[in-house]
Structure formats: structure tokens, C-alpha cells
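Shown here: protein_36.csv, CSV, C-alpha atoms.
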chain,number,residue,atom,x,y,z
A,164,MET,CA,0.0,0.0,0.0
A,165,VAL,CA,1.4,3.4,-1.1
A,166,ARG,CA,0.2,6.3,1.0
A,167,VAL,CA,-0.3,9.5,-1.0
A,168,LEU,CA,-0.6,13.1,0.1
A,169,ILE,CA,-2.0,15.6,-2.4
A,170,PHE,CA,-1.3,19.3,-2.2
A,171,VAL,CA,-2.7,21.5,-4.9
A,172,GLN,CA,-4.1,25.0,-5.2
A,173,GLU,CA,-7.7,24.1,-6.4
A,174,GLY,CA,-10.1,22.3,-4.2
A,175,THR,CA,-12.0,20.8,-7.1
A,176,PHE,CA,-8.9,19.3,-8.6
A,177,ALA,CA,-7.7,18.0,-5.2
A,178,ASP,CA,-11.0,16.3,-4.5
A,179,ALA,CA,-11.3,14.8,-8.0
A,180,LEU,CA,-7.7,13.5,-8.0
A,181,ALA,CA,-8.2,12.0,-4.6
A,182,THR,CA,-11.4,10.2,-5.6
A,183,ARG,CA,-9.8,8.7,-8.7
A,184,LEU,CA,-6.6,7.6,-6.9
A,185,GLU,CA,-8.6,6.1,-4.0
A,186,ALA,CA,-10.2,3.7,-6.5
A,187,GLU,CA,-6.8,2.0,-6.8
A,188,HIS,CA,-6.6,-0.9,-4.3
A,189,ASP,CA,-3.0,-0.3,-3.5
A,190,LEU,CA,-3.1,3.5,-3.0
A,191,GLU,CA,-4.2,5.2,0.2
A,192,ILE,CA,-4.9,8.9,0.2
A,193,VAL,CA,-3.7,10.4,3.5
A,194,ALA,CA,-5.1,13.8,2.7
A,195,ALA,CA,-6.0,16.1,-0.2
A,196,LEU,CA,-5.0,19.7,0.7
A,197,TYR,CA,-5.5,22.9,-1.3
A,198,MET,CA,-4.1,26.3,-0.6
A,199,ARG,CA,-1.8,28.8,-2.3
A,200,ALA,CA,1.0,29.1,0.3
A,201,PRO,CA,2.2,25.7,1.6
A,202,SER,CA,4.2,25.5,4.9
A,203,PRO,CA,6.7,22.8,5.8
A,204,GLN,CA,4.9,22.4,9.2
A,205,LEU,CA,1.9,20.9,7.4
A,206,PHE,CA,4.0,17.9,6.6
A,207,THR,CA,5.6,17.4,10.0
A,208,GLY,CA,4.9,13.8,11.1
A,209,SER,CA,3.1,12.9,7.9
A,210,ARG,CA,2.8,9.2,7.3
A,211,ALA,CA,2.6,9.6,3.6
A,212,ASP,CA,5.1,7.9,1.2
A,213,VAL,CA,4.6,10.2,-1.8
A,214,LEU,CA,3.6,13.8,-2.0
A,215,LEU,CA,1.9,15.1,-5.1
A,216,ILE,CA,2.3,18.8,-5.2
A,217,ASP,CA,1.2,21.5,-7.5
A,218,CYS,CA,4.2,23.1,-9.3
A,219,ASP,CA,1.9,26.0,-10.5
A,220,LEU,CA,1.5,27.5,-7.0
A,221,SER,CA,2.4,31.2,-6.9
A,222,GLY,CA,6.0,32.3,-7.2
A,223,ASN,CA,8.6,29.8,-6.0
A,224,ALA,CA,6.4,28.3,-3.3
A,225,THR,CA,6.7,24.7,-4.5
A,226,PHE,CA,10.4,24.8,-5.1
A,227,ASP,CA,11.0,26.4,-1.7
A,228,LEU,CA,8.9,23.9,0.1
A,229,CYS,CA,10.7,21.0,-1.7
A,230,LYS,CA,14.1,22.4,-0.6
A,231,GLU,CA,13.0,22.9,3.0
A,232,LEU,CA,11.5,19.3,3.2
A,233,SER,CA,14.7,17.9,1.8
A,234,ARG,CA,16.8,20.0,4.2
A,235,ARG,CA,14.9,18.7,7.1
A,236,GLY,CA,15.5,15.1,6.0
A,237,ASN,CA,11.8,14.4,5.3
A,238,THR,CA,11.4,11.0,3.7
A,239,LEU,CA,8.5,12.0,1.4
A,240,ARG,CA,9.1,11.2,-2.2
A,241,ILE,CA,8.0,14.4,-4.0
A,242,VAL,CA,6.3,14.4,-7.4
A,243,PHE,CA,5.5,17.8,-9.1
A,244,LEU,CA,2.3,18.2,-11.0
A,245,SER,CA,2.2,21.0,-13.6
A,246,ASP,CA,0.1,22.4,-16.5
A,247,PHE,CA,3.3,22.6,-18.6
A,248,SER,CA,6.8,21.2,-18.9
A,249,ASP,CA,9.9,23.3,-19.1
A,250,PRO,CA,13.5,21.8,-18.9
A,251,GLY,CA,14.7,24.7,-16.6
A,252,ARG,CA,11.8,24.3,-14.2
A,253,ILE,CA,12.3,20.5,-14.2
A,254,VAL,CA,16.0,20.9,-13.3
A,255,ARG,CA,15.0,23.3,-10.5
A,256,ALA,CA,12.6,20.6,-9.2
A,257,ILE,CA,15.2,17.9,-9.3
A,258,THR,CA,17.8,20.0,-7.6
A,259,ALA,CA,15.3,20.9,-5.0
A,260,GLY,CA,14.7,17.3,-4.2
A,261,ALA,CA,11.8,16.2,-6.4
A,262,VAL,CA,11.8,12.7,-7.9
A,263,GLY,CA,9.1,13.2,-10.6
A,264,TRP,CA,7.4,15.7,-12.9
A,265,VAL,CA,4.0,14.8,-14.3
A,266,GLY,CA,1.7,17.0,-16.5
A,267,LYS,CA,-1.8,17.5,-15.2
A,268,ASP,CA,-3.1,16.4,-18.6
A,269,GLU,CA,-1.4,13.1,-18.4
A,270,PRO,CA,-3.5,9.9,-18.3
A,271,LEU,CA,-4.3,8.7,-14.8
A,272,ASP,CA,-2.5,5.4,-15.5
A,273,ARG,CA,0.7,7.4,-16.1
A,274,LEU,CA,0.4,9.2,-12.8
A,275,ILE,CA,-0.3,5.9,-10.9
A,276,GLU,CA,2.8,4.4,-12.5
A,277,VAL,CA,4.9,7.4,-11.4
A,278,ILE,CA,3.5,7.2,-7.9
A,279,HIS,CA,4.5,3.6,-7.6
A,280,GLY,CA,7.9,4.3,-9.1
A,281,ALA,CA,8.5,7.1,-6.7
A,282,ALA,CA,7.6,4.9,-3.7
A,283,ARG,CA,10.2,2.4,-5.0
A,284,GLY,CA,12.9,5.2,-5.2
A,285,GLU,CA,12.7,5.8,-8.9
A,286,THR,CA,12.8,9.1,-10.8
A,287,TRP,CA,10.4,9.9,-13.7
A,288,LEU,CA,10.7,12.8,-16.2
A,289,PRO,CA,8.5,13.5,-19.3
A,290,PRO,CA,10.1,11.6,-22.1
A,291,ARG,CA,10.2,14.6,-24.5
A,292,GLU,CA,12.0,16.7,-21.8
A,293,THR,CA,14.6,14.1,-20.8
A,294,GLY,CA,17.2,15.1,-23.3
A,295,PRO,CA,17.1,18.9,-22.6
A,296,VAL,CA,17.0,18.2,-18.8
A,297,LEU,CA,20.0,15.9,-18.9
A,298,ARG,CA,21.9,18.4,-21.0
A,299,LEU,CA,21.3,21.1,-18.4
A,300,LEU,CA,22.3,18.8,-15.6
A,301,MET,CA,25.4,17.7,-17.4
A,302,ARG,CA,26.4,21.3,-17.9
A,303,GLY,CA,26.2,21.6,-14.1
A,304,SER,CA,24.3,24.9,-14.3
A,305,ASP,CA,20.8,25.9,-14.7
A,306,PRO,CA,20.7,29.1,-16.8
A,307,ARG,CA,18.2,30.5,-14.3
A,308,GLN,CA,20.1,30.1,-11.0
A,309,ASP,CA,20.3,33.7,-9.9
A,310,ASP,CA,17.4,35.4,-8.1
A,311,THR,CA,16.1,37.2,-11.2
A,312,GLY,CA,16.4,34.0,-13.2
A,313,GLN,CA,14.5,32.0,-10.6
A,314,LEU,CA,11.7,34.5,-10.6
A,315,LEU,CA,11.5,34.4,-14.4
A,316,ALA,CA,11.6,30.6,-14.4
A,317,ALA,CA,8.4,30.7,-12.2
A,318,LEU,CA,6.4,32.3,-15.0
A,319,THR,CA,4.2,30.3,-17.2
A,320,PRO,CA,5.1,30.2,-21.0
A,321,ARG,CA,2.3,32.7,-21.7
A,322,GLU,CA,3.4,35.0,-19.0
A,323,ARG,CA,7.0,34.9,-20.4
A,324,GLU,CA,5.6,35.7,-23.9
A,325,VAL,CA,3.8,38.7,-22.5
A,326,LEU,CA,6.9,39.9,-20.7
A,327,ALA,CA,9.1,39.4,-23.7
A,328,CYS,CA,6.7,41.4,-25.9
A,329,LEU,CA,6.6,44.3,-23.4
A,330,ALA,CA,10.4,44.3,-23.3
A,331,GLU,CA,10.3,44.8,-27.0
A,332,GLY,CA,8.2,47.9,-26.5
A,333,ILE,CA,5.0,46.4,-27.9
A,334,ASN,CA,1.9,48.1,-26.5
A,335,ARG,CA,-0.8,46.0,-24.9
A,336,ARG,CA,-3.3,46.3,-27.7
A,337,ASP,CA,-0.8,45.1,-30.3
A,338,LEU,CA,0.5,42.5,-27.9
A,339,ALA,CA,-3.1,41.1,-27.6
A,340,GLU,CA,-3.3,40.9,-31.4
A,341,ARG,CA,0.1,39.3,-31.8
A,342,LEU,CA,-0.5,36.6,-29.1
A,343,HIS,CA,-4.2,36.1,-30.2
A,344,MET,CA,-5.5,37.0,-26.8
A,345,SER,CA,-8.2,39.3,-25.5
A,346,PRO,CA,-7.2,42.5,-23.7
A,347,ASN,CA,-8.6,41.0,-20.5
A,348,THR,CA,-6.5,37.9,-20.9
A,349,VAL,CA,-3.4,40.0,-21.4
A,350,ARG,CA,-4.3,42.0,-18.3
A,351,THR,CA,-4.6,38.8,-16.3
A,352,HIS,CA,-1.3,37.4,-17.4
A,353,LEU,CA,0.3,40.8,-16.7
A,354,GLN,CA,-1.1,40.9,-13.2
A,355,ASN,CA,0.0,37.3,-12.5
A,356,LEU,CA,3.6,37.9,-13.7
A,357,MET,CA,3.9,41.1,-11.7
A,358,SER,CA,2.8,39.3,-8.6
A,359,LYS,CA,5.3,36.5,-9.2
A,360,LEU,CA,8.1,39.0,-9.9
A,361,GLY,CA,7.2,41.0,-6.8
A,362,VAL,CA,6.8,44.3,-8.8
A,363,HIS,CA,3.9,46.7,-9.0
A,364,SER,CA,3.9,47.8,-12.6
A,365,ALA,CA,4.6,46.6,-16.1
A,366,LEU,CA,7.6,49.0,-16.3
A,367,GLU,CA,9.1,47.5,-13.2
A,368,ALA,CA,8.7,44.0,-14.7
A,369,VAL,CA,10.4,45.1,-17.9
A,370,ALA,CA,13.2,46.8,-16.0
A,371,LEU,CA,13.8,43.7,-14.0
A,372,ALA,CA,13.8,41.4,-17.0
A,373,ARG,CA,15.7,43.6,-19.5
A,374,PRO,CA,19.3,43.0,-18.2
A,375,TYR,CA,18.5,39.3,-18.0
A,376,LEU,CA,17.2,39.3,-21.6
A,377,SER,CA,20.2,41.1,-23.0
A,378,ASP,CA,22.9,39.4,-21.0
A,379,ARG,CA,21.7,35.8,-20.6
A,380,LEU,CA,18.8,35.0,-22.9
A,381,SER,CA,17.7,35.8,-26.3
A,382,ARG,CA,14.0,36.7,-26.6
A,383,ARG,CA,13.4,33.3,-28.2
A,384,ASN,CA,14.8,31.6,-25.1
A,385,LEU,CA,12.8,33.7,-22.7
A,386,VAL,CA,9.6,32.9,-24.5
A,387,GLY,CA,10.4,29.3,-24.4
File written out as C-alpha cells:
Amino acid sequence: MVRVLIFVQEGTFADALATRLEAEHDLEIVAALYMRAPSPQLFTGSRADVLLIDCDLSGNATFDLCKELSRRGNTLRIVFLSDFSDPGRIVRAITAGAVGWVGKDEPLDRLIEVIHGAARGETWLPPRETGPVLRLLMRGSDPRQDDTGQLLAALTPREREVLACLAEGINRRDLAERLHMSPNTVRTHLQNLMSKLGVHSALEAVALARPYLSDRLSRRNLVG
């Protein structure tokens, strides 16, 4: 019996995932939690074997939690769940102590396979990202190790697209047309990325990212 703890930011997703996994005769759901700001104290004394945690929590919350649990010697095997895969983020997850990365759109059978593998001490990565992840690990450096890079790495692909366009001087109306978004969607992405970067305006966000763009990444790499 593998004991599983679920920690995501949406209650509906947490409950649905718990219900589907509980149908497996060899999986036991210890708890299904949902909140946006996890605390290591929540996992103190947990009897779970595997932690499924939402990598799409705000900012660096998931990575920081993973690092702290690893630092404390917690025996939980941590598997990240995410809406998208990115080699840089996966490298950050691995170096923080995670043993798996699974897309939220993956079939349930795949997730169950990863849970059992994690409980056995195995590591699982998305096959299409294995090559890029290994290349980053072999280089011995994640291109987003500094503070600014870590903040940028926490952005979703769409948020990075919006930021890259703003850095080029594209106004919001033209940006919406280029990315085939509504103005409201652009506004939402902008608000989210400003929150993750810890700034209060689009100008601050661009000012924060511009040196990083020019010195470390081309626009193509920032966008993904």
C-alpha cells in the first residue's frame, strides 16, 4: 500500500484527483489539501510515502517547500504536477529534491505508474524533456540560477511571452493581437507575472527582465 498526500491550489482538482486515486486498491490517500501558500509544518509527522504537489503555485512556493523538506530530512518522495513542462523548471525541481514531474493532462495510468515508481525510489521525467534536462544537468548549471532567473523561471510560458513582448516595446493592444489574446487575458497574465516577480507595474517588470534578456537569454529563449 502506497500512502499518498495531495497538495494543490484548487479544491475541485484536489478532490477529483483523490477520488480517482482512491479507487486503486494499492493506494491510500492520506489527505488532499489545497491552498496557495504551503508551509513545511503541514507535513511534519506525515505518514505519507509520496507527495503530489502543484508546481503551479504562486512564485517559488513549490520549489522552496521541496528544498525545505529535503533540508529537514523528510522522507516524502515528491512528485511535481504542472500544467506545462519546461526543462529549466524541471531541473530546478530535481535539484530541490523532487523525484518526478507529471503533466496535469497526463492519463491517470501514467500518474499511478509514477507514484509507484517514486515509492520504489525511482525518478520519472516527461520523455520529451529528458534530453534537454540531462543536458542542463550535465552542464552543471541551470541558466536561471540567480534570483532574477528563478523569478522568471516561475512564470508560465504565456506570462513569459507577454513579458518578452513588453520588453520589445509592444503596447498592450498590439500585444493582444500578436498573441491572439483578448485584452482582458493580457491583463490577467500581466497581473500574474507582476505578482510572481514582486513588482507593481509593467515598467518594473520590464526593468527587472531587460538586463537578463540582454545578458543571458535571447528573446526566443525567454519565450520558451
All residues 6 Å or closer to stretch 264-280 of chain A, all atoms listed in the file, same chain fewer than 5 positions away omitted, as JSON, numbers by chain: {"A": [242, 243, 244, 245, 246, 285, 288]}
d(atom CA of A:Asp212, atom CA of A:Ile241) in Å: 8.8 Å
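Comparing the minimum interatomic distances between A:Asn223 and each of A:Gln313, A:Ser248, A:Ser358, A:Thr182, counting all atoms listed in the file, we find that A:Gln313 sits nearest.
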Radius query 12 Å about (-3.6, -3.3, -4.4), atoms used: all atoms listed in the file, as a ChimeraX atom specification: /A:164-166,184-191,275,279
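Once A:Leu329 and its same-chain neighbours fewer than 2 positions away are set aside, Arg323, Glu324, Val325, Leu326, Ala327, Glu331, Gly332, Ile333, Asn334, Arg335, Leu338, Leu353, Ala365, Leu366, Ala368, Val369 and Arg373 of chain A remain within 10 Å of it when counting all atoms listed in the file.
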Pairwise distance for atom CA of A:Ala282 and atom CA of A:Ala261, rounded to one decimal in Å: 12.4 Å
Residue with smallest distance to A:Val254 - pool A:Leu315, A:Leu239, A:Ala181, A:Leu297, counting only C-alpha atoms: A:Leu297
Pairwise distance for atom CA of A:Val362 and atom CA of A:Leu196, rounded to one decimal in Å: 28.9 Å
Neighbour list for A:Leu318 as a list in words, cut-off 9 Å, all atoms listed in the file, skip fewer than 6 positions in-chain: Asp219, Gly222, Asn355, Leu356, Lys359 and Leu360 of chain A
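Distances from A:Ala372, A:Pro289, A:Leu205, A:Phe247 to A:Arg321 were compared using all atoms listed in the file, and the smallest one belongs to A:Phe247.
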Neighbours of point (16.8, 26.3, -8.5) within 7 Å, using all atoms listed in the file, written as a list of chain:residue names: A:Arg255, A:Thr258, A:Ala259, A:Gln308, A:Gln313
Residue contacts of stretch 225-234 of chain A (7 Å, all atoms listed in the file) excluding same-chain residues fewer than 3 positions away, as a list in words: Ser202, Pro203, Cys218, Leu220, Asn237, Ala256, Ala259, Gly260 and Ala261 of chain A
Which neighbours of A:Val262 fall inside 7 Å, counting all atoms listed in the file, when residues of the same chain fewer than 3 positions from it are skipped, and could you give them as a short mmCIF file (atom, residue, chain, number, x, y, z; two decimals) with C-alpha atoms, keeping the file's coordinate frame?
data_model
loop_
_atom_site.label_atom_id
_atom_site.label_comp_id
_atom_site.auth_asym_id
_atom_site.auth_seq_id
_atom_site.Cartn_x
_atom_site.Cartn_y
_atom_site.Cartn_z
CA ARG A 240 9.10 11.20 -2.20
CA ILE A 241 8.00 14.40 -4.00
CA VAL A 242 6.30 14.40 -7.40
CA ILE A 257 15.20 17.90 -9.30
CA ALA A 281 8.50 7.10 -6.70
CA THR A 286 12.80 9.10 -10.80
CA TRP A 287 10.40 9.90 -13.70
#
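Between A:Arg252 and the residues A:Ala370, A:Ala195, A:Ile169, A:Ala317, the shortest atom-to-atom distance, using all atoms listed in the file, involves A:Ala317.
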Missing atoms of stretch 310-324 of chain A rebuilt to N, CA and C atoms, written as a PDB file, in the frame of the given file:
ATOM      1  N   ASP A 310      18.747  35.103  -8.662  1.00  0.00           N
ATOM      2  CA  ASP A 310      17.400  35.400  -8.100  1.00  0.00           C
ATOM      3  C   ASP A 310      16.466  35.844  -9.252  1.00  0.00           C
ATOM      4  N   THR A 311      16.932  36.718 -10.149  1.00  0.00           N
ATOM      5  CA  THR A 311      16.100  37.200 -11.200  1.00  0.00           C
ATOM      6  C   THR A 311      15.687  35.982 -12.116  1.00  0.00           C
ATOM      7  N   GLY A 312      16.654  35.129 -12.413  1.00  0.00           N
ATOM      8  CA  GLY A 312      16.400  34.000 -13.200  1.00  0.00           C
ATOM      9  C   GLY A 312      15.359  33.041 -12.608  1.00  0.00           C
ATOM     10  N   GLN A 313      15.451  32.856 -11.307  1.00  0.00           N
ATOM     11  CA  GLN A 313      14.500  32.000 -10.600  1.00  0.00           C
ATOM     12  C   GLN A 313      13.094  32.575 -10.674  1.00  0.00           C
ATOM     13  N   LEU A 314      12.998  33.892 -10.550  1.00  0.00           N
ATOM     14  CA  LEU A 314      11.700  34.500 -10.600  1.00  0.00           C
ATOM     15  C   LEU A 314      11.117  34.366 -12.042  1.00  0.00           C
ATOM     16  N   LEU A 315      11.953  34.584 -13.054  1.00  0.00           N
ATOM     17  CA  LEU A 315      11.500  34.400 -14.400  1.00  0.00           C
ATOM     18  C   LEU A 315      11.108  32.999 -14.725  1.00  0.00           C
ATOM     19  N   ALA A 316      11.850  32.060 -14.162  1.00  0.00           N
ATOM     20  CA  ALA A 316      11.600  30.600 -14.400  1.00  0.00           C
ATOM     21  C   ALA A 316      10.222  30.233 -13.803  1.00  0.00           C
ATOM     22  N   ALA A 317       9.731  30.993 -12.830  1.00  0.00           N
ATOM     23  CA  ALA A 317       8.400  30.700 -12.200  1.00  0.00           C
ATOM     24  C   ALA A 317       7.265  31.095 -13.053  1.00  0.00           C
ATOM     25  N   LEU A 318       7.524  31.895 -14.107  1.00  0.00           N
ATOM     26  CA  LEU A 318       6.400  32.300 -15.000  1.00  0.00           C
ATOM     27  C   LEU A 318       5.998  31.225 -15.894  1.00  0.00           C
ATOM     28  N   THR A 319       4.714  31.255 -16.258  1.00  0.00           N
ATOM     29  CA  THR A 319       4.200  30.300 -17.200  1.00  0.00           C
ATOM     30  C   THR A 319       4.703  30.732 -18.629  1.00  0.00           C
ATOM     31  N   PRO A 320       4.637  29.825 -19.622  1.00  0.00           N
ATOM     32  CA  PRO A 320       5.100  30.200 -21.000  1.00  0.00           C
ATOM     33  C   PRO A 320       4.325  31.440 -21.497  1.00  0.00           C
ATOM     34  N   ARG A 321       3.023  31.530 -21.252  1.00  0.00           N
ATOM     35  CA  ARG A 321       2.300  32.700 -21.700  1.00  0.00           C
ATOM     36  C   ARG A 321       2.700  33.961 -21.023  1.00  0.00           C
ATOM     37  N   GLU A 322       2.970  33.876 -19.726  1.00  0.00           N
ATOM     38  CA  GLU A 322       3.400  35.000 -19.000  1.00  0.00           C
ATOM     39  C   GLU A 322       4.795  35.511 -19.519  1.00  0.00           C
ATOM     40  N   ARG A 323       5.645  34.557 -19.867  1.00  0.00           N
ATOM     41  CA  ARG A 323       7.000  34.900 -20.400  1.00  0.00           C
ATOM     42  C   ARG A 323       6.806  35.555 -21.798  1.00  0.00           C
ATOM     43  N   GLU A 324       5.832  35.080 -22.575  1.00  0.00           N
ATOM     44  CA  GLU A 324       5.600  35.700 -23.900  1.00  0.00           C
ATOM     45  C   GLU A 324       5.139  37.139 -23.715  1.00  0.00           C
TER      46      GLU A 324
END
